[in-house]
$ cat final19.pdb   # PDB, C-alpha atoms and all ligand atoms
ATOM      1  CA  MET K1132      88.584 124.459 202.966  1.00  0.00           C
ATOM      2  CA  THR K1133      91.641 123.062 201.286  1.00  0.00           C
ATOM      3  CA  THR K1134      94.717 122.126 203.307  1.00  0.00           C
ATOM      4  CA  ILE K1135      96.980 122.846 200.319  1.00  0.00           C
ATOM      5  CA  THR K1136      99.109 125.996 200.554  1.00  0.00           C
ATOM      6  CA  LEU K1137      98.229 128.183 197.565  1.00  0.00           C
ATOM      7  CA  LEU K1138     100.647 130.544 195.794  1.00  0.00           C
ATOM      8  CA  ASP K1139     100.023 134.255 195.368  1.00  0.00           C
ATOM      9  CA  ASP K1140      99.548 135.095 191.666  1.00  0.00           C
ATOM     10  CA  ARG K1141     101.109 138.509 192.310  1.00  0.00           C
ATOM     11  CA  THR K1142     104.499 136.892 192.978  1.00  0.00           C
ATOM     12  CA  ARG K1143     104.709 135.446 189.457  1.00  0.00           C
ATOM     13  CA  PRO K1144     107.756 136.553 187.413  1.00  0.00           C
ATOM     14  CA  PRO K1145     106.882 139.045 184.668  1.00  0.00           C
ATOM     15  CA  THR K1146     106.527 137.540 181.204  1.00  0.00           C
ATOM     16  CA  PRO K1147     108.978 138.360 178.378  1.00  0.00           C
ATOM     17  CA  LYS K1148     107.834 139.631 174.975  1.00  0.00           C
ATOM     18  CA  PHE K1149     109.086 138.049 171.756  1.00  0.00           C
ATOM     19  CA  GLU K1150     108.442 140.138 168.650  1.00  0.00           C
ATOM     20  CA  GLY K1151     108.349 139.053 165.035  1.00  0.00           C
ATOM     21  CA  LEU K1152     107.738 135.333 165.440  1.00  0.00           C
ATOM     22  CA  THR K1153     107.264 133.465 162.164  1.00  0.00           C
ATOM     23  CA  HIS K1154     104.179 131.351 161.519  1.00  0.00           C
ATOM     24  CA  SER K1155     106.034 128.149 162.376  1.00  0.00           C
ATOM     25  CA  GLN K1156     107.483 129.744 165.528  1.00  0.00           C
ATOM     26  CA  LYS K1157     103.933 130.409 166.702  1.00  0.00           C
ATOM     27  CA  LEU K1158     102.903 126.768 166.344  1.00  0.00           C
ATOM     28  CA  PRO K1159     104.277 125.380 169.666  1.00  0.00           C
ATOM     29  CA  GLY K1160     102.450 128.119 171.603  1.00  0.00           C
ATOM     30  CA  GLU K1161      99.259 127.410 169.670  1.00  0.00           C
ATOM     31  CA  HIS K1162      99.612 123.709 170.357  1.00  0.00           C
ATOM     32  CA  LEU K1163     100.026 124.455 174.063  1.00  0.00           C
ATOM     33  CA  ARG K1164      96.854 126.561 173.981  1.00  0.00           C
ATOM     34  CA  MET K1165      94.960 123.743 172.244  1.00  0.00           C
ATOM     35  CA  ILE K1166      95.928 121.278 174.962  1.00  0.00           C
ATOM     36  CA  HIS K1167      94.944 123.847 177.574  1.00  0.00           C
ATOM     37  CA  ASP K1168      91.603 124.479 175.850  1.00  0.00           C
ATOM     38  CA  HIS K1169      90.896 120.781 176.191  1.00  0.00           C
ATOM     39  CA  LEU K1170      91.610 121.041 179.926  1.00  0.00           C
ATOM     40  CA  ARG K1171      89.359 124.112 180.164  1.00  0.00           C
ATOM     41  CA  GLN K1172      86.505 122.278 178.443  1.00  0.00           C
ATOM     42  CA  ASN K1173      86.929 119.392 180.846  1.00  0.00           C
ATOM     43  CA  MET K1174      86.657 121.775 183.782  1.00  0.00           C
ATOM     44  CA  ASP K1175      83.337 123.006 182.335  1.00  0.00           C
ATOM     45  CA  VAL K1176      82.069 119.429 182.062  1.00  0.00           C
ATOM     46  CA  LEU K1177      83.061 118.791 185.676  1.00  0.00           C
ATOM     47  CA  ALA K1178      81.367 121.999 186.790  1.00  0.00           C
ATOM     48  CA  ARG K1179      78.096 120.965 185.127  1.00  0.00           C
ATOM     49  CA  LEU K1180      78.304 117.501 186.645  1.00  0.00           C
ATOM     50  CA  ILE K1181      78.837 118.920 190.113  1.00  0.00           C
ATOM     51  CA  GLU K1182      75.885 121.210 189.609  1.00  0.00           C
ATOM     52  CA  ARG K1183      73.711 118.256 188.649  1.00  0.00           C
ATOM     53  CA  ALA K1184      74.965 116.230 191.583  1.00  0.00           C
ATOM     54  CA  GLY K1185      73.995 119.211 193.735  1.00  0.00           C
ATOM     55  CA  GLN K1186      70.506 119.164 192.284  1.00  0.00           C
ATOM     56  CA  GLY K1187      70.327 115.444 193.021  1.00  0.00           C
ATOM     57  CA  GLN K1188      70.980 116.312 196.641  1.00  0.00           C
ATOM     58  CA  THR K1189      68.119 118.801 196.705  1.00  0.00           C
ATOM     59  CA  THR K1190      65.786 116.293 195.083  1.00  0.00           C
ATOM     60  CA  ALA K1191      66.763 113.706 197.635  1.00  0.00           C
ATOM     61  CA  ASP K1192      65.573 116.003 200.370  1.00  0.00           C
ATOM     62  CA  GLU K1193      62.269 116.558 198.626  1.00  0.00           C
ATOM     63  CA  VAL K1194      61.291 113.243 197.092  1.00  0.00           C
ATOM     64  CA  ALA K1195      61.057 109.751 198.533  1.00  0.00           C
ATOM     65  CA  ARG K1196      64.274 108.965 200.338  1.00  0.00           C
ATOM     66  CA  GLU K1197      65.281 105.856 198.439  1.00  0.00           C
ATOM     67  CA  THR K1198      64.829 107.263 194.928  1.00  0.00           C
ATOM     68  CA  GLY K1199      66.764 110.349 195.867  1.00  0.00           C
ATOM     69  CA  GLN K1200      69.578 108.262 197.255  1.00  0.00           C
ATOM     70  CA  LEU K1201      69.877 106.325 193.999  1.00  0.00           C
ATOM     71  CA  THR K1202      70.038 109.476 191.865  1.00  0.00           C
ATOM     72  CA  MET K1203      72.595 111.015 194.156  1.00  0.00           C
ATOM     73  CA  VAL K1204      74.816 107.987 194.147  1.00  0.00           C
ATOM     74  CA  ALA K1205      74.621 107.713 190.345  1.00  0.00           C
ATOM     75  CA  ASN K1206      75.550 111.377 189.942  1.00  0.00           C
ATOM     76  CA  TYR K1207      78.403 111.107 192.401  1.00  0.00           C
ATOM     77  CA  ARG K1208      79.736 107.967 190.718  1.00  0.00           C
ATOM     78  CA  ARG K1209      79.591 109.554 187.282  1.00  0.00           C
ATOM     79  CA  PHE K1210      81.366 112.644 188.515  1.00  0.00           C
ATOM     80  CA  GLY K1211      83.969 110.587 190.342  1.00  0.00           C
ATOM     81  CA  THR K1212      84.843 108.489 187.299  1.00  0.00           C
ATOM     82  CA  LEU K1213      85.101 111.417 184.913  1.00  0.00           C
ATOM     83  CA  CYS K1214      87.305 113.256 187.324  1.00  0.00           C
ATOM     84  CA  GLY K1215      89.506 110.198 187.600  1.00  0.00           C
ATOM     85  CA  GLN K1216      90.143 110.305 183.849  1.00  0.00           C
ATOM     86  CA  TYR K1217      90.478 114.049 183.773  1.00  0.00           C
ATOM     87  CA  CYS K1218      92.870 114.132 186.696  1.00  0.00           C
ATOM     88  CA  MET K1219      95.135 111.669 184.917  1.00  0.00           C
ATOM     89  CA  PHE K1220      95.134 113.872 181.814  1.00  0.00           C
ATOM     90  CA  VAL K1221      96.208 116.953 183.773  1.00  0.00           C
ATOM     91  CA  GLU K1222      98.914 114.974 185.542  1.00  0.00           C
ATOM     92  CA  ALA K1223     100.244 113.595 182.245  1.00  0.00           C
ATOM     93  CA  HIS K1224     100.354 117.060 180.664  1.00  0.00           C
ATOM     94  CA  HIS K1225     102.156 118.576 183.626  1.00  0.00           C
ATOM     95  CA  GLY K1226     104.521 115.607 183.764  1.00  0.00           C
ATOM     96  CA  ILE K1227     105.616 116.273 180.168  1.00  0.00           C
ATOM     97  CA  GLU K1228     106.112 119.979 180.883  1.00  0.00           C
ATOM     98  CA  ASP K1229     108.129 119.270 184.014  1.00  0.00           C
ATOM     99  CA  ALA K1230     110.325 116.646 182.366  1.00  0.00           C
ATOM    100  CA  ALA K1231     110.752 117.860 178.793  1.00  0.00           C
ATOM    101  CA  ILE K1232     109.817 121.529 178.447  1.00  0.00           C
ATOM    102  CA  PHE K1233     110.727 123.502 181.570  1.00  0.00           C
ATOM    103  CA  PRO K1234     114.324 122.217 181.861  1.00  0.00           C
ATOM    104  CA  ARG K1235     114.989 123.236 178.242  1.00  0.00           C
ATOM    105  CA  LEU K1236     113.418 126.664 178.715  1.00  0.00           C
ATOM    106  CA  ALA K1237     115.270 127.218 181.991  1.00  0.00           C
ATOM    107  CA  ASP K1238     118.602 126.754 180.172  1.00  0.00           C
ATOM    108  CA  ARG K1239     117.908 129.663 177.835  1.00  0.00           C
ATOM    109  CA  SER K1240     117.869 132.670 180.165  1.00  0.00           C
ATOM    110  CA  PRO K1241     117.525 133.686 183.838  1.00  0.00           C
ATOM    111  CA  VAL K1242     114.042 135.049 183.020  1.00  0.00           C
ATOM    112  CA  MET K1243     112.927 131.716 181.576  1.00  0.00           C
ATOM    113  CA  LYS K1244     114.531 129.909 184.509  1.00  0.00           C
ATOM    114  CA  ALA K1245     112.501 131.952 186.994  1.00  0.00           C
ATOM    115  CA  ILE K1246     109.327 131.368 184.992  1.00  0.00           C
ATOM    116  CA  SER K1247     109.973 127.617 184.681  1.00  0.00           C
ATOM    117  CA  GLU K1248     110.563 127.311 188.421  1.00  0.00           C
ATOM    118  CA  ARG K1249     107.367 129.198 189.155  1.00  0.00           C
ATOM    119  CA  LEU K1250     105.316 127.085 186.721  1.00  0.00           C
ATOM    120  CA  GLN K1251     106.732 123.922 188.235  1.00  0.00           C
ATOM    121  CA  ALA K1252     105.839 125.155 191.733  1.00  0.00           C
ATOM    122  CA  GLU K1253     102.303 125.803 190.478  1.00  0.00           C
ATOM    123  CA  HIS K1254     102.144 122.221 189.182  1.00  0.00           C
ATOM    124  CA  VAL K1255     102.889 121.009 192.714  1.00  0.00           C
ATOM    125  CA  VAL K1256      99.915 123.011 194.024  1.00  0.00           C
ATOM    126  CA  VAL K1257      97.624 121.718 191.237  1.00  0.00           C
ATOM    127  CA  HIS K1258      98.808 118.173 191.952  1.00  0.00           C
ATOM    128  CA  GLY K1259      97.985 118.596 195.649  1.00  0.00           C
ATOM    129  CA  LEU K1260      94.509 119.894 194.826  1.00  0.00           C
ATOM    130  CA  LEU K1261      93.888 117.006 192.403  1.00  0.00           C
ATOM    131  CA  GLU K1262      94.873 114.504 195.072  1.00  0.00           C
ATOM    132  CA  GLU K1263      92.606 116.236 197.538  1.00  0.00           C
ATOM    133  CA  LEU K1264      89.745 116.161 195.009  1.00  0.00           C
ATOM    134  CA  VAL K1265      90.216 112.452 194.281  1.00  0.00           C
ATOM    135  CA  ASP K1266      90.224 111.743 198.030  1.00  0.00           C
ATOM    136  CA  ALA K1267      87.098 113.869 198.490  1.00  0.00           C
ATOM    137  CA  LEU K1268      85.357 112.043 195.625  1.00  0.00           C
ATOM    138  CA  ASN K1269      86.291 108.625 196.964  1.00  0.00           C
ATOM    139  CA  THR K1270      84.849 109.620 200.330  1.00  0.00           C
ATOM    140  CA  LEU K1271      81.748 110.904 198.568  1.00  0.00           C
ATOM    141  CA  VAL K1272      81.197 107.711 196.589  1.00  0.00           C
ATOM    142  CA  SER K1273      81.449 105.559 199.707  1.00  0.00           C
ATOM    143  CA  ASP K1274      79.283 107.952 201.745  1.00  0.00           C
ATOM    144  CA  PRO K1275      77.202 110.448 199.714  1.00  0.00           C
ATOM    145  CA  ALA K1276      76.485 112.811 202.586  1.00  0.00           C
ATOM    146  CA  GLU K1277      75.896 116.513 201.999  1.00  0.00           C
ATOM    147  CA  ALA K1278      79.030 117.464 203.941  1.00  0.00           C
ATOM    148  CA  HIS K1279      81.142 115.241 201.678  1.00  0.00           C
ATOM    149  CA  PHE K1280      79.550 116.727 198.595  1.00  0.00           C
ATOM    150  CA  ALA K1281      80.271 120.242 199.875  1.00  0.00           C
ATOM    151  CA  ALA K1282      83.906 119.312 200.547  1.00  0.00           C
ATOM    152  CA  ALA K1283      84.359 117.923 197.029  1.00  0.00           C
ATOM    153  CA  ARG K1284      82.737 120.976 195.480  1.00  0.00           C
ATOM    154  CA  ASP K1285      84.898 123.291 197.542  1.00  0.00           C
ATOM    155  CA  THR K1286      88.071 121.557 196.407  1.00  0.00           C
ATOM    156  CA  TYR K1287      86.845 121.547 192.808  1.00  0.00           C
ATOM    157  CA  GLU K1288      86.244 125.307 192.923  1.00  0.00           C
ATOM    158  CA  THR K1289      89.698 125.972 194.323  1.00  0.00           C
ATOM    159  CA  LEU K1290      91.233 123.665 191.708  1.00  0.00           C
ATOM    160  CA  ALA K1291      89.322 125.400 188.904  1.00  0.00           C
ATOM    161  CA  ARG K1292      90.485 128.834 190.021  1.00  0.00           C
ATOM    162  CA  VAL K1293      94.120 127.764 190.466  1.00  0.00           C
ATOM    163  CA  LEU K1294      94.326 125.651 187.302  1.00  0.00           C
ATOM    164  CA  LEU K1295      92.653 128.187 184.978  1.00  0.00           C
ATOM    165  CA  SER K1296      94.932 130.898 186.280  1.00  0.00           C
ATOM    166  CA  HIS K1297      97.958 128.611 185.797  1.00  0.00           C
ATOM    167  CA  LEU K1298      97.007 127.763 182.200  1.00  0.00           C
ATOM    168  CA  GLY K1299      96.579 131.421 181.270  1.00  0.00           C
ATOM    169  CA  TYR K1300      99.843 132.505 182.866  1.00  0.00           C
ATOM    170  CA  GLU K1301     101.728 129.617 181.305  1.00  0.00           C
ATOM    171  CA  GLU K1302     100.487 130.486 177.813  1.00  0.00           C
ATOM    172  CA  GLU K1303     101.470 134.095 178.313  1.00  0.00           C
ATOM    173  CA  ALA K1304     104.839 133.280 179.864  1.00  0.00           C
ATOM    174  CA  ILE K1305     106.133 130.486 177.622  1.00  0.00           C
ATOM    175  CA  GLY K1306     103.810 130.319 174.571  1.00  0.00           C
ATOM    176  CA  ASP K1307     105.967 132.524 172.325  1.00  0.00           C
ATOM    177  CA  ALA K1308     109.200 131.518 174.069  1.00  0.00           C
ATOM    178  CA  LEU K1309     108.701 127.923 172.922  1.00  0.00           C
ATOM    179  CA  GLY K1310     108.767 128.951 169.269  1.00  0.00           C
ATOM    180  CA  HIS K1311     111.432 131.587 169.801  1.00  0.00           C
ATOM    181  CA  TYR K1312     113.801 129.025 171.334  1.00  0.00           C
ATOM    182  CA  GLY K1313     112.718 126.192 169.019  1.00  0.00           C
ATOM    183  CA  ILE K1314     111.211 123.977 171.717  1.00  0.00           C
ATOM    184  CA  GLY K1315     108.360 121.744 170.505  1.00  0.00           C
ATOM    185  CA  VAL K1316     105.336 120.829 172.629  1.00  0.00           C
TER     186      VAL K1316
HETATM  187 FE    FE L1401     101.526 123.756 183.293  1.00  0.00          FE
HETATM  188 FE    FE L1402     100.399 123.436 180.392  1.00  0.00          FE
END

$ encode --input "final19.pdb" --output "structure tokens" --more "lines below"
Ligand SMILES: [Fe+2]
Ligand SMILES: [Fe+2]
Amino acid sequence: MTTITLLDDRTRPPTPKFEGLTHSQKLPGEHLRMIHDHLRQNMDVLARLIERAGQGQTTADEVARETGQLTMVANYRRFGTLCGQYCMFVEAHHGIEDAAIFPRLADRSPVMKAISERLQAEHVVVHGLLEELVDALNTLVSDPAEAHFAAARDTYETLARVLLSHLGYEEEAIGDALGHYGIGV
């Protein structure tokens, strides 16, 4: 179980509607979705890797102990490294939003201010989960025990749920607003 305090999706501010956006006004929102799609694909890759690491664990129980250990460690290492890169990508993307996008949106209206504050608060939760996942993976690499694998998988699943929900809400809440207010991504 994660020690990070999660936010309730039901307390998110409602999203504004912007009608009649031109083609070029739709571009920032589309760009945001493209970046998010890349994050979504990465989550799929991580999910498959975890699954395979899980199978390595099962094999280890069934086949000769040493061979199983090697496979497990290799799977864990691979997963750990990929997550390291992926985690940095998420952090960089959120860093740009926090520093360059949300403050500009927040200036435009009280609605956008509320949404920006909520999105930023969600970044803090995602950041906490990423840190927890990196810690769990480091523990796993140094000691590939089943309990450590389960802890890493648990954190991954929470992160996936929280992050995918965040990406969807963010697109809905600020995608069109970016173009409407002339804020590039
Ligand atoms: Fe975000
Ligand atoms: Fe984003």

$ resolve_selection --input "final19.pdb" --expression "the PyMOL selection byres (((chain K and resi 1153-1167) around 8) and not hetatm)" --output "number ranges by chain"
K: 1151-1152, 1168-1171, 1298, 1302, 1305-1311, 1313-1316

$ resolve_selection --input "final19.pdb" --expression "the PyMOL selection byres (((not hetatm)) within 12 of (chain L and resi 1401))" --output "ChimeraX atom specification"
/K:1163-1164,1166-1167,1170,1220-1233,1246-1258,1293-1306,1316

$ atom_distance --input "final19.pdb" --atom1 "CA of Gly1259 in chain K" --atom2 "CA of Leu1138 in chain K"
12.2 Å

$ resolve_selection --input "final19.pdb" --expression "the PyMOL selection byres (((chain K and resi 1275-1290) around 7) and not hetatm)" --output "number ranges by chain"
K: 1132-1133, 1181, 1204, 1257, 1260, 1264, 1267-1268, 1270-1274, 1291-1294

$ residues_around --input "final19.pdb" --residues "Asn1173 in chain K" --least-positions-apart "5" --cutoff "9 Å" --atoms "only C-alpha atoms" --output "PyMOL selection string"
chain K and resi 1168+1178+1214+1217
